[in-house]
Structures are given as C-alpha cells and as structure tokens.
>>> print(open('start.txt').read())   # compact mmCIF, C-alpha atoms and all ligand atoms
# COMPACT_ATOMS: atom_id res chain seq x y z
CA MET A 83 -38.11 6.45 2.73
CA ALA A 84 -34.66 5.68 3.96
CA THR A 85 -32.26 4.56 1.27
CA LYS A 86 -29.85 1.79 2.03
CA ALA A 87 -26.32 3.12 2.45
CA LYS A 88 -24.02 1.92 -0.31
CA THR A 89 -21.39 -0.32 1.25
CA PRO A 90 -18.07 -0.78 -0.51
CA GLY A 91 -18.14 -4.56 -0.13
CA THR A 92 -19.15 -7.58 1.88
CA PRO A 93 -17.84 -9.00 5.18
CA SER A 94 -15.58 -12.03 4.91
CA PRO A 95 -14.47 -14.62 7.51
CA LEU A 96 -11.19 -15.16 5.62
CA ARG A 97 -10.30 -11.47 5.58
CA ARG A 98 -11.33 -11.15 9.18
CA GLN A 99 -9.00 -14.01 10.11
CA ILE A 100 -6.13 -12.47 8.09
CA GLY A 101 -6.77 -9.18 9.90
CA GLU A 102 -6.57 -10.84 13.29
CA SER A 103 -3.44 -12.86 12.57
CA VAL A 104 -1.52 -9.91 11.08
CA THR A 105 -2.61 -7.72 13.98
CA ALA A 106 -1.33 -10.26 16.53
CA ARG A 107 1.95 -10.46 14.66
CA LEU A 108 2.46 -6.68 14.38
CA ASP A 109 1.44 -6.05 17.99
CA ALA A 110 4.25 -8.40 19.07
CA ALA A 111 6.90 -7.25 16.56
CA PRO A 112 9.87 -5.29 17.95
CA GLY A 113 10.14 -1.83 16.39
CA VAL A 114 6.49 -1.70 15.24
CA THR A 115 4.11 0.90 16.71
CA ARG A 116 0.36 1.21 16.14
CA VAL A 117 -0.89 4.71 15.39
CA ASP A 118 -3.31 5.71 18.14
CA ILE A 119 -6.56 5.76 16.13
CA GLU A 120 -9.54 3.43 16.32
CA ALA A 121 -11.25 3.75 12.92
CA ALA A 122 -8.41 2.08 10.99
CA GLN A 123 -5.40 -0.06 11.82
CA VAL A 124 -2.22 1.80 10.87
CA TYR A 125 1.28 0.77 11.99
CA TYR A 126 4.80 2.00 11.35
CA HIS A 127 8.38 0.81 11.73
CA LEU A 128 10.86 3.70 11.72
CA ASP A 129 13.93 1.75 10.64
CA PHE A 130 12.70 -1.10 8.52
CA LEU A 131 15.20 -0.49 5.69
CA THR A 132 18.88 0.38 5.75
CA ASP A 133 20.19 3.52 4.02
CA GLU A 134 21.94 1.28 1.53
CA GLU A 135 18.72 -0.58 0.67
CA CYS A 136 16.93 2.74 0.16
CA GLU A 137 19.60 3.95 -2.23
CA THR A 138 19.63 0.68 -4.16
CA LEU A 139 15.83 0.69 -4.52
CA ILE A 140 15.85 4.32 -5.72
CA ALA A 141 18.32 3.34 -8.46
CA VAL A 142 16.04 0.43 -9.48
CA ILE A 143 13.04 2.80 -9.70
CA ASP A 144 14.96 5.40 -11.70
CA LYS A 145 15.95 2.71 -14.21
CA GLY A 146 12.48 1.19 -14.65
CA ARG A 147 10.05 4.06 -14.21
CA ARG A 148 7.06 4.68 -16.51
CA PRO A 149 3.85 6.69 -16.00
CA SER A 150 1.66 5.25 -13.20
CA THR A 151 -1.70 3.73 -14.14
CA LEU A 152 -5.15 3.35 -12.52
CA LEU A 153 -7.56 0.40 -12.51
CA SER A 154 -10.60 2.65 -13.00
CA GLN A 155 -10.44 5.42 -15.50
CA SER A 156 -10.59 8.77 -13.72
CA SER A 157 -12.01 11.82 -15.45
CA ASP A 158 -9.36 13.84 -13.64
CA PRO A 159 -5.98 13.65 -15.44
CA SER A 160 -4.24 14.92 -12.30
CA PHE A 161 -5.51 11.98 -10.17
CA ARG A 162 -2.30 9.92 -10.27
CA THR A 163 0.60 11.70 -11.88
CA SER A 164 3.55 9.79 -10.45
CA GLU A 165 5.75 7.25 -12.20
CA SER A 166 5.87 3.57 -11.22
CA CYS A 167 8.16 0.61 -11.65
CA ASP A 168 7.36 -3.09 -11.16
CA MET A 169 10.14 -4.49 -9.02
CA THR A 170 11.14 -7.87 -10.42
CA ARG A 171 10.16 -10.75 -8.20
CA GLY A 172 12.96 -13.11 -7.33
CA SER A 173 15.72 -10.59 -8.09
CA PRO A 174 18.55 -10.73 -5.54
CA ILE A 175 17.86 -7.10 -4.54
CA ILE A 176 14.07 -7.29 -4.25
CA GLU A 177 13.43 -10.79 -2.92
CA PRO A 178 15.08 -10.42 0.53
CA ILE A 179 13.14 -7.19 1.13
CA GLU A 180 9.82 -8.74 0.09
CA ARG A 181 10.56 -11.70 2.32
CA ARG A 182 11.25 -9.42 5.29
CA VAL A 183 7.97 -7.55 4.75
CA CYS A 184 6.07 -10.87 4.58
CA GLU A 185 7.81 -12.22 7.68
CA LEU A 186 7.11 -9.07 9.66
CA MET A 187 3.42 -9.28 8.81
CA GLY A 188 3.08 -13.07 8.87
CA ILE A 189 1.61 -13.23 5.36
CA ASP A 190 2.92 -15.85 2.95
CA MET A 191 4.75 -14.63 -0.15
CA PRO A 192 2.22 -15.81 -2.80
CA ARG A 193 -0.44 -13.45 -1.42
CA GLY A 194 1.74 -10.44 -2.17
CA GLU A 195 1.49 -8.62 -5.47
CA THR A 196 4.72 -7.65 -7.20
CA MET A 197 6.29 -4.79 -5.25
CA GLN A 198 5.81 -1.47 -7.01
CA GLY A 199 8.23 1.47 -6.83
CA GLN A 200 6.78 4.98 -7.14
CA ARG A 201 8.49 8.27 -7.91
CA TYR A 202 6.89 11.71 -7.47
CA ALA A 203 8.53 14.87 -8.84
CA PRO A 204 7.39 18.32 -7.62
CA GLY A 205 3.66 18.75 -8.29
CA GLN A 206 3.04 15.00 -8.68
CA GLN A 207 0.52 13.22 -6.46
CA PHE A 208 -1.83 10.29 -5.98
CA ARG A 209 -5.24 11.73 -5.07
CA ALA A 210 -7.44 10.26 -2.33
CA HIS A 211 -8.29 6.61 -3.03
CA HIS A 212 -8.78 3.24 -1.41
CA ASP A 213 -6.34 0.43 -2.04
CA TYR A 214 -9.14 -2.15 -1.81
CA PHE A 215 -11.19 -3.01 -4.87
CA HIS A 216 -14.71 -1.66 -5.16
CA GLU A 217 -17.00 -4.62 -5.73
CA SER A 218 -19.33 -2.54 -7.88
CA GLU A 219 -16.62 -1.72 -10.44
CA PRO A 220 -16.32 -3.58 -13.77
CA TYR A 221 -12.81 -4.82 -12.86
CA TRP A 222 -14.05 -6.75 -9.79
CA PRO A 223 -14.76 -10.17 -11.45
CA ALA A 224 -11.23 -10.19 -12.90
CA MET A 225 -9.74 -9.23 -9.52
CA GLN A 226 -11.71 -12.02 -7.83
CA ARG A 227 -10.09 -14.51 -10.18
CA GLU A 228 -6.62 -13.09 -9.55
CA GLY A 229 -6.48 -13.49 -5.78
CA GLY A 230 -9.51 -11.51 -4.64
CA GLN A 231 -9.67 -8.48 -2.43
CA ARG A 232 -6.63 -6.46 -1.36
CA THR A 233 -6.27 -6.76 2.39
CA TRP A 234 -3.13 -5.09 3.79
CA THR A 235 -0.78 -2.48 2.32
CA ALA A 236 2.90 -2.10 3.23
CA MET A 237 4.58 1.06 1.97
CA ALA A 238 8.18 2.17 2.52
CA TYR A 239 9.65 5.65 2.20
CA LEU A 240 13.04 5.54 0.50
CA ASN A 241 14.13 9.15 1.06
CA ASP A 242 13.36 12.32 2.98
CA VAL A 243 11.50 14.91 0.92
CA GLU A 244 12.30 18.63 1.28
CA GLU A 245 8.65 19.71 1.29
CA GLY A 246 5.29 18.02 0.68
CA GLY A 247 4.60 14.40 -0.27
CA ALA A 248 2.92 13.35 2.98
CA THR A 249 0.59 10.36 3.06
CA TRP A 250 -2.72 11.73 4.27
CA PHE A 251 -5.63 9.73 5.70
CA PRO A 252 -8.32 12.44 5.73
CA LYS A 253 -11.07 10.36 7.40
CA VAL A 254 -8.98 9.47 10.42
CA GLY A 255 -6.99 12.70 10.48
CA ILE A 256 -3.40 11.55 10.15
CA ARG A 257 -0.71 12.87 7.86
CA ILE A 258 2.60 11.05 7.62
CA PRO A 259 5.54 12.98 6.18
CA PRO A 260 8.00 10.85 4.18
CA ARG A 261 10.85 9.59 6.31
CA LYS A 262 13.71 7.56 4.88
CA ARG A 263 13.80 3.87 6.03
CA MET A 264 10.27 3.90 7.45
CA LEU A 265 7.68 1.23 6.65
CA LEU A 266 4.00 2.13 6.98
CA ILE A 267 1.48 -0.72 7.17
CA TRP A 268 -2.30 -0.59 7.23
CA ASN A 269 -5.30 -2.89 7.05
CA ASN A 270 -7.68 -1.89 4.27
CA MET A 271 -10.38 -4.07 5.85
CA ALA A 272 -12.61 -3.50 8.87
CA ALA A 273 -12.81 -5.99 11.76
CA ASP A 274 -15.52 -8.05 9.98
CA GLY A 275 -13.39 -8.38 6.83
CA SER A 276 -15.37 -5.87 4.76
CA PRO A 277 -13.58 -2.95 3.07
CA ASN A 278 -13.01 -0.07 5.48
CA PRO A 279 -13.87 3.30 3.84
CA ASP A 280 -11.93 5.11 6.59
CA THR A 281 -8.69 3.90 5.00
CA LEU A 282 -9.10 6.55 2.28
CA HIS A 283 -5.65 8.03 1.71
CA GLU A 284 -3.76 10.37 -0.57
CA GLY A 285 -0.15 10.74 -1.62
CA MET A 286 -0.04 14.54 -1.35
CA ALA A 287 1.77 16.55 -3.98
CA VAL A 288 5.50 16.95 -3.57
CA VAL A 289 6.41 20.63 -3.28
CA ARG A 290 10.22 20.50 -3.26
CA GLY A 291 12.46 17.50 -3.87
CA THR A 292 11.55 14.07 -5.22
CA LYS A 293 9.70 11.35 -3.34
CA TYR A 294 10.50 7.66 -3.74
CA ILE A 295 8.49 4.87 -2.13
CA PHE A 296 7.63 1.26 -2.68
CA THR A 297 4.18 -0.18 -2.19
CA LYS A 298 3.32 -3.81 -1.59
CA TRP A 299 -0.34 -4.81 -1.69
CA PHE A 300 -1.54 -8.14 -0.33
CA ARG A 301 -4.50 -10.20 -1.56
CA GLU A 302 -6.85 -12.39 0.46
CA ASN A 303 -5.83 -15.43 -1.65
CA PRO A 304 -2.63 -16.24 -3.54
CA TRP A 305 -2.19 -13.65 -6.26
CA GLY A 306 -3.15 -15.02 -9.68
CA ARG A 307 -0.18 -13.73 -11.58
CA PHE A 308 2.28 -15.13 -9.07
CA VAL A 309 4.72 -17.35 -10.91
CA LYS A 310 6.69 -19.87 -8.92
CA GLY A 311 10.47 -20.05 -9.11
O1 LIG B 401 2.46 8.13 -2.06
C1 LIG B 401 1.84 7.89 -1.05
O2 LIG B 401 2.11 8.42 0.02
C2 LIG B 401 0.68 6.95 -1.12
C3 LIG B 401 0.82 5.89 -2.19
C4 LIG B 401 -0.36 4.99 -2.28
O3 LIG B 401 -1.39 5.28 -1.76
C5 LIG B 401 -0.30 3.71 -3.00
O4 LIG B 401 0.75 3.42 -3.61
O5 LIG B 401 -1.30 2.97 -2.96
FE FE B 402 -2.83 3.72 -1.90
>>> encode(input="start.txt", output="structure tokens")
Amino acid sequence: MATKAKTPGTPSPLRRQIGESVTARLDAAPGVTRVDIEAAQVYYHLDFLTDEECETLIAVIDKGRRPSTLLSQSSDPSFRTSESCDMTRGSPIIEPIERRVCELMGIDMPRGETMQGQRYAPGQQFRAHHDYFHESEPYWPAMQREGGQRTWTAMAYLNDVEEGGATWFPKVGIRIPPRKRMLLIWNNMAADGSPNPDTLHEGMAVVRGTKYIFTKWFRENPWGRFVKG
C-alpha cells in the first residue's frame, strides 16, 4: 500500500499572494538578478550595502554576540555553532537598512522579524535546514500566534571570507561564496504558498577567516513581538 508522502505544510492563498507580489517587485528592481533555477526562487543583489555599512554592522555583531540557538533541539551539538546578535530595531544604524530591505522586497516592516547578525569562526557552521517552520513540530502553535509561517529570507554578507563559509542549497545545486555587500533573497514557499523543501540550505563551515552576515526572516502576518515606536 502506498503511504502518503509527508508534506512539510499546507498551501496558503496569503503566502501565494505574498510570493507573487515580492516576485513582481524583485523582477523589476534594478541591480537584482534571479538565479537561473526553477525549483526555488533565489535572487541576489551584488552591491546592496556600502563598505561602511558592512563595517559598522560587523562592529555591532562583535559587541552583541552570544551563542546561536535553535527552535528545535538537535541531537547534534555541531548543528549550529555560530554566534548571533539581535540587531536592535529602531536604532539609527539598523533601521535604515531594514527599511531598504523591506522597500526592495515590497514587504511592510511589521512582517519582518528583528534582524539577526551571525558570526562564524573557522570550523563553525549552520547545518542544512529550512527557514520555514515545520507544522508538525511542537513550536508551531506558538509560531502561528506570533505571525505565522516564515515566507522570505533576506541575508547579507558583510565581508569576504578567505576560505569556506559558502551558503549551499544542496537540493537545487547552488553554492554561494560569501561576498561583501551582497544581499541574497529567497522564497521559502512554493508557488501555492506551501513550504518548499527544495529551499534546504546550509551555512558551510568557515575554513579560514571569519564570516559575518545578517539574516532577516519575514512572516506571513505581522510578527507578534513587533513593538511599535
Ligand atoms: O550562514 C549562511 O550562509 C546561512 C545562514 C542561514 O541559513 C540562516 O541564518 O538562516
Ligand atoms: Fe537559514
């Protein structure tokens, strides 16, 4: 008897509509290129940040870094070994950058989670994972109350790394080496608004040098912890 394939989540008209509107926006945005793959929507902008912004953000991360965490406990202690830093919303350094990301993508600010800085020393990594929430996990009801599913991810590389540290999408076969000033954007959903398993990705271990990035995840609804003002 055939067993029903386990799907990571359900289709959604709202997420489908968000996917279409962000796609239209990115397709028309100067400086943005879509990676030539069908199974997932991945875009990049080579010069989204200035050198000065990269250096300022690195200093913010170095000041606020603490060990990175995971939503689901992994039995593998090497799963996510980087350090992270919540980048204060509304700060004069962070806010204009968040605003530019939102404007580029056409997503309103309240749907964005707090931007997170990440730092990887040699040997540190973030093993293959999905940015979307798995609806079968115990955390899902809480996530639904806090803005629902994660739709798009925007991730910026703040420095060049001597060796290693690429972002690898093994299912679609692309590997993006860190490149200072570049913004990478992808849709974690499929065309029907259900989670797209082909967006599996890994922050590969840094071999030489240190890797700094920021990640901004967007929710389908306004993010629950978003505080006005
Ligand atoms: O470090 C990377 O290249 C990937 C980071 C990542 O996947 C994330 O922050 O969700
Ligand atoms: Fe990720």
>>> closest_residue(input="start.txt", among="A:Asn241, A:Thr196, A:Ser218, A:Gln231", to="Gly275 in chain A", atoms="only C-alpha atoms")
A:Gln231
>>> closest_residue(input="start.txt", among="A:Arg97, A:Arg193, A:Arg116, A:Arg263", to="Thr132 in chain A", atoms="only C-alpha atoms")
A:Arg263
>>> residues_near_ligand(input="start.txt", ligand="ligand FE 402 (chain B)", cutoff="7 Å", atoms="only C-alpha atoms and all ligand atoms", output="JSON, numbers by chain")
{"A": [211, 212, 213, 283, 284]}
>>> residues_near_ligand(input="start.txt", ligand="ligand LIG 401 (chain B)", cutoff="10 Å", atoms="all atoms listed in the file", output="PyMOL selection string")
chain A and resi 150+162+164+166+198-202+206-214+235-239+247-251+257-260+266+282-288+293-299
>>> write_last_selection(input="start.txt", atoms="C-alpha atoms", output="PDB file, in the coordinates of the input")
ATOM      1  CA  SER A 150       1.660   5.250 -13.200  1.00  0.00           C
ATOM      2  CA  ARG A 162      -2.300   9.920 -10.270  1.00  0.00           C
ATOM      3  CA  SER A 164       3.550   9.790 -10.450  1.00  0.00           C
ATOM      4  CA  SER A 166       5.870   3.570 -11.220  1.00  0.00           C
ATOM      5  CA  GLN A 198       5.810  -1.470  -7.010  1.00  0.00           C
ATOM      6  CA  GLY A 199       8.230   1.470  -6.830  1.00  0.00           C
ATOM      7  CA  GLN A 200       6.780   4.980  -7.140  1.00  0.00           C
ATOM      8  CA  ARG A 201       8.490   8.270  -7.910  1.00  0.00           C
ATOM      9  CA  TYR A 202       6.890  11.710  -7.470  1.00  0.00           C
ATOM     10  CA  GLN A 206       3.040  15.000  -8.680  1.00  0.00           C
ATOM     11  CA  GLN A 207       0.520  13.220  -6.460  1.00  0.00           C
ATOM     12  CA  PHE A 208      -1.830  10.290  -5.980  1.00  0.00           C
ATOM     13  CA  ARG A 209      -5.240  11.730  -5.070  1.00  0.00           C
ATOM     14  CA  ALA A 210      -7.440  10.260  -2.330  1.00  0.00           C
ATOM     15  CA  HIS A 211      -8.290   6.610  -3.030  1.00  0.00           C
ATOM     16  CA  HIS A 212      -8.780   3.240  -1.410  1.00  0.00           C
ATOM     17  CA  ASP A 213      -6.340   0.430  -2.040  1.00  0.00           C
ATOM     18  CA  TYR A 214      -9.140  -2.150  -1.810  1.00  0.00           C
ATOM     19  CA  THR A 235      -0.780  -2.480   2.320  1.00  0.00           C
ATOM     20  CA  ALA A 236       2.900  -2.100   3.230  1.00  0.00           C
ATOM     21  CA  MET A 237       4.580   1.060   1.970  1.00  0.00           C
ATOM     22  CA  ALA A 238       8.180   2.170   2.520  1.00  0.00           C
ATOM     23  CA  TYR A 239       9.650   5.650   2.200  1.00  0.00           C
ATOM     24  CA  GLY A 247       4.600  14.400  -0.270  1.00  0.00           C
ATOM     25  CA  ALA A 248       2.920  13.350   2.980  1.00  0.00           C
ATOM     26  CA  THR A 249       0.590  10.360   3.060  1.00  0.00           C
ATOM     27  CA  TRP A 250      -2.720  11.730   4.270  1.00  0.00           C
ATOM     28  CA  PHE A 251      -5.630   9.730   5.700  1.00  0.00           C
ATOM     29  CA  ARG A 257      -0.710  12.870   7.860  1.00  0.00           C
ATOM     30  CA  ILE A 258       2.600  11.050   7.620  1.00  0.00           C
ATOM     31  CA  PRO A 259       5.540  12.980   6.180  1.00  0.00           C
ATOM     32  CA  PRO A 260       8.000  10.850   4.180  1.00  0.00           C
ATOM     33  CA  LEU A 266       4.000   2.130   6.980  1.00  0.00           C
ATOM     34  CA  LEU A 282      -9.100   6.550   2.280  1.00  0.00           C
ATOM     35  CA  HIS A 283      -5.650   8.030   1.710  1.00  0.00           C
ATOM     36  CA  GLU A 284      -3.760  10.370  -0.570  1.00  0.00           C
ATOM     37  CA  GLY A 285      -0.150  10.740  -1.620  1.00  0.00           C
ATOM     38  CA  MET A 286      -0.040  14.540  -1.350  1.00  0.00           C
ATOM     39  CA  ALA A 287       1.770  16.550  -3.980  1.00  0.00           C
ATOM     40  CA  VAL A 288       5.500  16.950  -3.570  1.00  0.00           C
ATOM     41  CA  LYS A 293       9.700  11.350  -3.340  1.00  0.00           C
ATOM     42  CA  TYR A 294      10.500   7.660  -3.740  1.00  0.00           C
ATOM     43  CA  ILE A 295       8.490   4.870  -2.130  1.00  0.00           C
ATOM     44  CA  PHE A 296       7.630   1.260  -2.680  1.00  0.00           C
ATOM     45  CA  THR A 297       4.180  -0.180  -2.190  1.00  0.00           C
ATOM     46  CA  LYS A 298       3.320  -3.810  -1.590  1.00  0.00           C
ATOM     47  CA  TRP A 299      -0.340  -4.810  -1.690  1.00  0.00           C
TER      48      TRP A 299
END
>>> atom_distance(input="start.txt", atom1="CA of Asp158 in chain A", atom2="CA of Lys145 in chain A")
27.7 Å
>>> closest_residue(input="start.txt", among="A:Ile256, A:Met197, A:Met187, A:Val243", to="Leu139 in chain A", atoms="all atoms listed in the file")
A:Met197
>>> build_atoms(input="start.txt", residues="range 219-249 of chain A", atoms="N, CA and C atoms", output="PDB file, in the coordinates of the input")
ATOM      1  N   GLU A 219     -17.325  -2.159  -9.227  1.00  0.00           N
ATOM      2  CA  GLU A 219     -16.620  -1.720 -10.440  1.00  0.00           C
ATOM      3  C   GLU A 219     -16.490  -2.867 -11.458  1.00  0.00           C
ATOM      4  N   PRO A 220     -16.407  -2.523 -12.744  1.00  0.00           N
ATOM      5  CA  PRO A 220     -16.320  -3.580 -13.770  1.00  0.00           C
ATOM      6  C   PRO A 220     -15.088  -4.490 -13.618  1.00  0.00           C
ATOM      7  N   TYR A 221     -14.016  -3.999 -12.978  1.00  0.00           N
ATOM      8  CA  TYR A 221     -12.810  -4.820 -12.860  1.00  0.00           C
ATOM      9  C   TYR A 221     -12.941  -5.922 -11.804  1.00  0.00           C
ATOM     10  N   TRP A 222     -13.983  -5.858 -10.958  1.00  0.00           N
ATOM     11  CA  TRP A 222     -14.050  -6.750  -9.790  1.00  0.00           C
ATOM     12  C   TRP A 222     -14.033  -8.239 -10.142  1.00  0.00           C
ATOM     13  N   PRO A 223     -14.820  -8.730 -11.143  1.00  0.00           N
ATOM     14  CA  PRO A 223     -14.760 -10.170 -11.450  1.00  0.00           C
ATOM     15  C   PRO A 223     -13.339 -10.630 -11.796  1.00  0.00           C
ATOM     16  N   ALA A 224     -12.606  -9.809 -12.543  1.00  0.00           N
ATOM     17  CA  ALA A 224     -11.230 -10.190 -12.900  1.00  0.00           C
ATOM     18  C   ALA A 224     -10.353 -10.232 -11.650  1.00  0.00           C
ATOM     19  N   MET A 225     -10.535  -9.265 -10.746  1.00  0.00           N
ATOM     20  CA  MET A 225      -9.740  -9.230  -9.520  1.00  0.00           C
ATOM     21  C   MET A 225     -10.050 -10.432  -8.634  1.00  0.00           C
ATOM     22  N   GLN A 226     -11.334 -10.844  -8.622  1.00  0.00           N
ATOM     23  CA  GLN A 226     -11.710 -12.020  -7.830  1.00  0.00           C
ATOM     24  C   GLN A 226     -10.969 -13.261  -8.311  1.00  0.00           C
ATOM     25  N   ARG A 227     -10.800 -13.343  -9.635  1.00  0.00           N
ATOM     26  CA  ARG A 227     -10.090 -14.510 -10.180  1.00  0.00           C
ATOM     27  C   ARG A 227      -8.597 -14.447  -9.922  1.00  0.00           C
ATOM     28  N   GLU A 228      -8.080 -13.264  -9.698  1.00  0.00           N
ATOM     29  CA  GLU A 228      -6.620 -13.090  -9.550  1.00  0.00           C
ATOM     30  C   GLU A 228      -6.180 -12.961  -8.098  1.00  0.00           C
ATOM     31  N   GLY A 229      -6.918 -13.546  -7.183  1.00  0.00           N
ATOM     32  CA  GLY A 229      -6.480 -13.490  -5.780  1.00  0.00           C
ATOM     33  C   GLY A 229      -7.428 -12.725  -4.882  1.00  0.00           C
ATOM     34  N   GLY A 230      -8.463 -12.134  -5.462  1.00  0.00           N
ATOM     35  CA  GLY A 230      -9.510 -11.510  -4.640  1.00  0.00           C
ATOM     36  C   GLY A 230      -9.117 -10.156  -4.074  1.00  0.00           C
ATOM     37  N   GLN A 231      -9.788  -9.820  -3.008  1.00  0.00           N
ATOM     38  CA  GLN A 231      -9.670  -8.480  -2.430  1.00  0.00           C
ATOM     39  C   GLN A 231      -8.242  -8.191  -1.931  1.00  0.00           C
ATOM     40  N   ARG A 232      -7.890  -6.898  -1.976  1.00  0.00           N
ATOM     41  CA  ARG A 232      -6.630  -6.460  -1.360  1.00  0.00           C
ATOM     42  C   ARG A 232      -6.890  -6.259   0.127  1.00  0.00           C
ATOM     43  N   THR A 233      -6.057  -6.843   0.938  1.00  0.00           N
ATOM     44  CA  THR A 233      -6.270  -6.760   2.390  1.00  0.00           C
ATOM     45  C   THR A 233      -5.350  -5.688   2.997  1.00  0.00           C
ATOM     46  N   TRP A 234      -4.075  -6.019   3.157  1.00  0.00           N
ATOM     47  CA  TRP A 234      -3.130  -5.090   3.790  1.00  0.00           C
ATOM     48  C   TRP A 234      -2.261  -4.395   2.749  1.00  0.00           C
ATOM     49  N   THR A 235      -1.765  -3.206   3.129  1.00  0.00           N
ATOM     50  CA  THR A 235      -0.780  -2.480   2.320  1.00  0.00           C
ATOM     51  C   THR A 235       0.466  -2.242   3.164  1.00  0.00           C
ATOM     52  N   ALA A 236       1.634  -2.486   2.592  1.00  0.00           N
ATOM     53  CA  ALA A 236       2.900  -2.100   3.230  1.00  0.00           C
ATOM     54  C   ALA A 236       3.584  -1.117   2.283  1.00  0.00           C
ATOM     55  N   MET A 237       4.014   0.008   2.818  1.00  0.00           N
ATOM     56  CA  MET A 237       4.580   1.060   1.970  1.00  0.00           C
ATOM     57  C   MET A 237       5.831   1.616   2.641  1.00  0.00           C
ATOM     58  N   ALA A 238       6.937   1.684   1.911  1.00  0.00           N
ATOM     59  CA  ALA A 238       8.180   2.170   2.520  1.00  0.00           C
ATOM     60  C   ALA A 238       8.629   3.467   1.867  1.00  0.00           C
ATOM     61  N   TYR A 239       9.097   4.382   2.690  1.00  0.00           N
ATOM     62  CA  TYR A 239       9.650   5.650   2.200  1.00  0.00           C
ATOM     63  C   TYR A 239      11.155   5.464   2.019  1.00  0.00           C
ATOM     64  N   LEU A 240      11.639   5.811   0.826  1.00  0.00           N
ATOM     65  CA  LEU A 240      13.040   5.540   0.500  1.00  0.00           C
ATOM     66  C   LEU A 240      13.927   6.769   0.638  1.00  0.00           C
ATOM     67  N   ASN A 241      13.317   7.939   0.844  1.00  0.00           N
ATOM     68  CA  ASN A 241      14.130   9.150   1.060  1.00  0.00           C
ATOM     69  C   ASN A 241      13.320  10.178   1.855  1.00  0.00           C
ATOM     70  N   ASP A 242      14.032  11.177   2.349  1.00  0.00           N
ATOM     71  CA  ASP A 242      13.360  12.320   2.980  1.00  0.00           C
ATOM     72  C   ASP A 242      13.041  13.297   1.855  1.00  0.00           C
ATOM     73  N   VAL A 243      11.921  13.978   1.975  1.00  0.00           N
ATOM     74  CA  VAL A 243      11.500  14.910   0.920  1.00  0.00           C
ATOM     75  C   VAL A 243      11.573  16.325   1.504  1.00  0.00           C
ATOM     76  N   GLU A 244      12.123  17.259   0.746  1.00  0.00           N
ATOM     77  CA  GLU A 244      12.300  18.630   1.280  1.00  0.00           C
ATOM     78  C   GLU A 244      10.991  19.247   1.742  1.00  0.00           C
ATOM     79  N   GLU A 245       9.946  19.137   0.906  1.00  0.00           N
ATOM     80  CA  GLU A 245       8.650  19.710   1.290  1.00  0.00           C
ATOM     81  C   GLU A 245       7.527  18.984   0.557  1.00  0.00           C
ATOM     82  N   GLY A 246       6.462  18.672   1.284  1.00  0.00           N
ATOM     83  CA  GLY A 246       5.290  18.020   0.680  1.00  0.00           C
ATOM     84  C   GLY A 246       5.453  16.510   0.626  1.00  0.00           C
ATOM     85  N   GLY A 247       4.506  15.848  -0.060  1.00  0.00           N
ATOM     86  CA  GLY A 247       4.600  14.400  -0.270  1.00  0.00           C
ATOM     87  C   GLY A 247       4.106  13.546   0.885  1.00  0.00           C
ATOM     88  N   ALA A 248       3.408  14.148   1.855  1.00  0.00           N
ATOM     89  CA  ALA A 248       2.920  13.350   2.980  1.00  0.00           C
ATOM     90  C   ALA A 248       1.846  12.373   2.521  1.00  0.00           C
ATOM     91  N   THR A 249       1.703  11.284   3.276  1.00  0.00           N
ATOM     92  CA  THR A 249       0.590  10.360   3.060  1.00  0.00           C
ATOM     93  C   THR A 249      -0.506  10.775   4.034  1.00  0.00           C
TER      94      THR A 249
END
